[in-house]
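Here is the structure we will look at, set down as structure tokens.
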Amino acid sequence: MMNPVYVEGKLFDKTNFKESALAKGEYENCTFTNCEFANTDLSEIKFIDCSFTGCNLSLAKLANTALREVAFKDCKMLGLHFGKCMELGFSVSFENCNLSQSSFYRLKLKKTRFIKSQLHEVDFAECDLSGASFDQCDLLQALFENTVLDKSDFRSAFNFSIDPSNNRMKKARFSLSGLPGLLSKYDIDIED
């Protein structure tokens, strides 16, 4: 077994980590652009103050992975189990990402920003999304169950279905056009 590496401030560009795995260790202040991580094992790796742009991380393994202040932009991230990440210090943001079929089950995601992202069938059950924002996000069939949504912002989100009776939603923000997504379980027609 190799000793864990410590890498700081490095730019990884167009690297295919399916061919040569990313060394286990700690990556601080690193930038990953147009890298291929699909189906790779990122378990036990620490990413601190890193950014991923234009990367494919679909189905990567995240067992005990640390994501602290990590920004994802223009990334394909299908089927990721963020709930397996290290909880301590977990902090992420997403812009223009496809996170469909991913799971954040039971994670604390306070003030997390989701911007212009596709979140089809994403599992947010039992998450704490207090103060989170879903700016122009597509939440088709995303699961919100026993989720804390206090002060979260859904004003420009669409295709969501959230049952106010089994989620905490104090001071959550919605636009008028989002009301059908809060009433969908009642099977009523709402017209302009």
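In the structure tokens, the first chain shown is A, the next is B, and so on; residue numbers restart at 1 for each chain, and ligands run from 1 in the order shown.
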Applying 10 Å and only C-alpha atoms, which residues near Lys18 (chain A) remain after dropping the ones on its own chain fewer than 5 positions away? List them as a short mmCIF file (atom, residue, chain, number, x, y, z; two decimals) with C-alpha atoms, in the first residue's frame.
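Final output, result.cif:
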```cif
data_model
loop_
_atom_site.label_atom_id
_atom_site.label_comp_id
_atom_site.auth_asym_id
_atom_site.auth_seq_id
_atom_site.Cartn_x
_atom_site.Cartn_y
_atom_site.Cartn_z
CA CYS A 35 -11.31 15.09 -16.25
CA GLU A 36 -12.80 11.61 -16.48
CA PHE A 37 -13.74 10.03 -13.12
CA ALA A 38 -16.72 7.87 -14.25
CA ASN A 39 -16.88 4.56 -12.35
CA THR A 40 -13.62 5.33 -10.50
CA ASP A 41 -12.99 4.79 -6.79
#
```
TODO: Determine which residues of chain A DSSP labels as strand (DSSP E) from the backbone of this structure, then write them out as JSON, numbers by chain.
DONE: {"A": [5, 6, 7, 8, 11, 12, 13, 25, 26, 27, 28, 31, 32, 33, 46, 47, 48, 51, 52, 53, 66, 67, 68, 70, 71, 72, 73, 92, 93, 94, 95, 113, 114, 115, 133, 134, 135]}
Considering only C-alpha atoms, return as a short mmCIF file (atom, residue, chain, number, x, y, z; two decimals) with N, CA and C atoms, in the first residue's frame whatever protein or nucleic-acid residues lie within 12 Å of Val70 (chain A), sequence-local ones (same chain, fewer than 4 positions apart) excluded.
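Okay, result10.cif is ready:
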```
data_model
loop_
_atom_site.label_atom_id
_atom_site.label_comp_id
_atom_site.auth_asym_id
_atom_site.auth_seq_id
_atom_site.Cartn_x
_atom_site.Cartn_y
_atom_site.Cartn_z
N TYR A 27 -6.15 16.43 -1.37
CA TYR A 27 -5.99 17.40 -2.46
C TYR A 27 -6.57 18.72 -1.98
N GLU A 28 -5.71 19.71 -1.85
CA GLU A 28 -6.15 21.00 -1.34
C GLU A 28 -5.93 22.07 -2.39
N ASN A 29 -6.99 22.88 -2.60
CA ASN A 29 -6.89 24.00 -3.53
C ASN A 29 -6.53 23.53 -4.95
N CYS A 30 -7.00 22.36 -5.34
CA CYS A 30 -6.69 21.83 -6.68
C CYS A 30 -7.86 22.09 -7.62
N THR A 31 -7.55 22.15 -8.91
CA THR A 31 -8.55 22.36 -9.94
C THR A 31 -8.54 21.18 -10.90
N PHE A 32 -9.72 20.62 -11.12
CA PHE A 32 -9.86 19.50 -12.05
C PHE A 32 -10.74 19.99 -13.21
N LYS A 46 -9.46 13.01 0.30
CA LYS A 46 -9.94 14.28 0.83
C LYS A 46 -9.76 15.36 -0.23
N PHE A 47 -10.86 16.07 -0.55
CA PHE A 47 -10.82 17.22 -1.44
C PHE A 47 -11.18 18.45 -0.62
N ILE A 48 -10.26 19.39 -0.50
CA ILE A 48 -10.49 20.58 0.30
C ILE A 48 -10.27 21.82 -0.57
N ASP A 49 -11.28 22.70 -0.61
CA ASP A 49 -11.21 23.91 -1.44
C ASP A 49 -10.84 23.59 -2.89
N CYS A 50 -11.43 22.55 -3.45
CA CYS A 50 -11.15 22.16 -4.83
C CYS A 50 -12.31 22.54 -5.74
N SER A 51 -12.02 22.62 -7.04
CA SER A 51 -13.10 22.83 -8.01
C SER A 51 -12.99 21.82 -9.13
N PHE A 52 -14.16 21.37 -9.56
CA PHE A 52 -14.28 20.42 -10.67
C PHE A 52 -15.11 21.11 -11.76
N THR A 53 -14.55 21.26 -12.95
CA THR A 53 -15.27 21.90 -14.05
C THR A 53 -15.25 20.99 -15.28
N THR A 65 -15.23 9.66 1.39
CA THR A 65 -14.58 10.74 0.66
C THR A 65 -14.90 12.05 1.38
N ALA A 66 -13.91 12.91 1.54
CA ALA A 66 -14.15 14.21 2.16
C ALA A 66 -14.32 15.26 1.07
N GLY A 89 -17.52 18.44 7.95
CA GLY A 89 -17.08 19.50 7.05
C GLY A 89 -17.64 19.42 5.64
N PHE A 90 -18.60 18.49 5.40
CA PHE A 90 -19.15 18.32 4.06
C PHE A 90 -19.74 19.65 3.58
N SER A 91 -19.21 20.16 2.46
CA SER A 91 -19.70 21.43 1.92
C SER A 91 -19.43 21.47 0.42
N VAL A 92 -20.52 21.56 -0.37
CA VAL A 92 -20.41 21.50 -1.83
C VAL A 92 -21.33 22.54 -2.45
N SER A 93 -21.04 22.87 -3.71
CA SER A 93 -21.98 23.69 -4.49
C SER A 93 -21.97 23.16 -5.91
N PHE A 94 -23.09 23.35 -6.61
CA PHE A 94 -23.25 22.80 -7.95
C PHE A 94 -23.79 23.86 -8.89
N GLU A 95 -23.14 24.01 -10.05
CA GLU A 95 -23.65 24.92 -11.07
C GLU A 95 -23.64 24.22 -12.42
N THR A 112 -26.58 25.03 0.95
CA THR A 112 -25.97 24.52 -0.29
C THR A 112 -26.64 25.18 -1.48
N ARG A 113 -25.82 25.53 -2.49
CA ARG A 113 -26.35 26.17 -3.69
C ARG A 113 -26.36 25.20 -4.86
#
```
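With only C-alpha atoms as the basis for measurement, A:Leu143 is the residue among A:Val5, A:Leu143, A:Ile45, A:Ala63 that approaches Ala125 (chain A) most closely.
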TODO: Please provide as a list in words all residues within 8 Å of Cys127 (chain A), with the sequence filter that same-chain residues fewer than 4 positions apart are discarded (counting only C-alpha atoms).
DONE: Phe104, Tyr105, Arg106, Leu107, Lys108, Leu109, Asn146, Thr147 and Val148 of chain A
Okay, now the selection with N, CA and C atoms, as a PDB file, in the first residue's frame?
```pdb
ATOM      1  N   PHE A 104     -28.438  12.162  -1.639  1.00  0.00           N
ATOM      2  CA  PHE A 104     -27.856  12.956  -0.552  1.00  0.00           C
ATOM      3  C   PHE A 104     -28.452  12.495   0.783  1.00  0.00           C
ATOM      4  N   TYR A 105     -28.992  11.295   0.804  1.00  0.00           N
ATOM      5  CA  TYR A 105     -29.736  10.773   1.953  1.00  0.00           C
ATOM      6  C   TYR A 105     -29.076  11.129   3.283  1.00  0.00           C
ATOM      7  N   ARG A 106     -29.870  11.803   4.136  1.00  0.00           N
ATOM      8  CA  ARG A 106     -29.493  12.147   5.515  1.00  0.00           C
ATOM      9  C   ARG A 106     -28.347  13.140   5.664  1.00  0.00           C
ATOM     10  N   LEU A 107     -27.902  13.783   4.590  1.00  0.00           N
ATOM     11  CA  LEU A 107     -26.776  14.714   4.716  1.00  0.00           C
ATOM     12  C   LEU A 107     -27.226  16.088   5.211  1.00  0.00           C
ATOM     13  N   LYS A 108     -26.311  16.771   5.875  1.00  0.00           N
ATOM     14  CA  LYS A 108     -26.534  18.159   6.255  1.00  0.00           C
ATOM     15  C   LYS A 108     -26.044  19.018   5.091  1.00  0.00           C
ATOM     16  N   LEU A 109     -26.976  19.718   4.451  1.00  0.00           N
ATOM     17  CA  LEU A 109     -26.661  20.515   3.261  1.00  0.00           C
ATOM     18  C   LEU A 109     -27.102  21.963   3.462  1.00  0.00           C
ATOM     19  N   ASN A 146     -39.331  13.815   4.978  1.00  0.00           N
ATOM     20  CA  ASN A 146     -38.742  14.153   6.281  1.00  0.00           C
ATOM     21  C   ASN A 146     -37.509  15.029   6.093  1.00  0.00           C
ATOM     22  N   THR A 147     -37.605  15.934   5.118  1.00  0.00           N
ATOM     23  CA  THR A 147     -36.487  16.816   4.780  1.00  0.00           C
ATOM     24  C   THR A 147     -36.711  18.167   5.445  1.00  0.00           C
ATOM     25  N   VAL A 148     -35.637  18.766   5.953  1.00  0.00           N
ATOM     26  CA  VAL A 148     -35.732  20.100   6.538  1.00  0.00           C
ATOM     27  C   VAL A 148     -35.467  21.109   5.421  1.00  0.00           C
TER      28      VAL A 148
END
```
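The two atoms in question, CA of Asn96 (chain A) and CA of Ala142 (chain A), are spaced 16.8 Å apart.
The two atoms in question, CA of Leu59 (chain A) and CA of Leu78 (chain A), are spaced 6.1 Å apart.
Distance check against His81 (chain A) using only C-alpha atoms: of A:Leu57, A:Leu179, A:Val7, A:Cys137, the minimum falls on A:Leu57.
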Open item on the list: Need to verify the contact set: Ser156 (chain A), 12 Å, only C-alpha atoms, exclusion of same-chain residues closer than 2 positions in sequence. Can you return it as a PyMOL selection string?
Closed with: chain A and resi 114-117+133-139+152-154+158-160+173-179
Task: Best match for closeness to Ser102 (chain A) among A:Asp74, A:Glu69, A:Glu191, A:Asp123, counting only C-alpha atoms - done: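 Comparing A:Asp74, A:Glu69, A:Glu191, A:Asp123 against Ser102 (chain A), the winner is A:Asp123.
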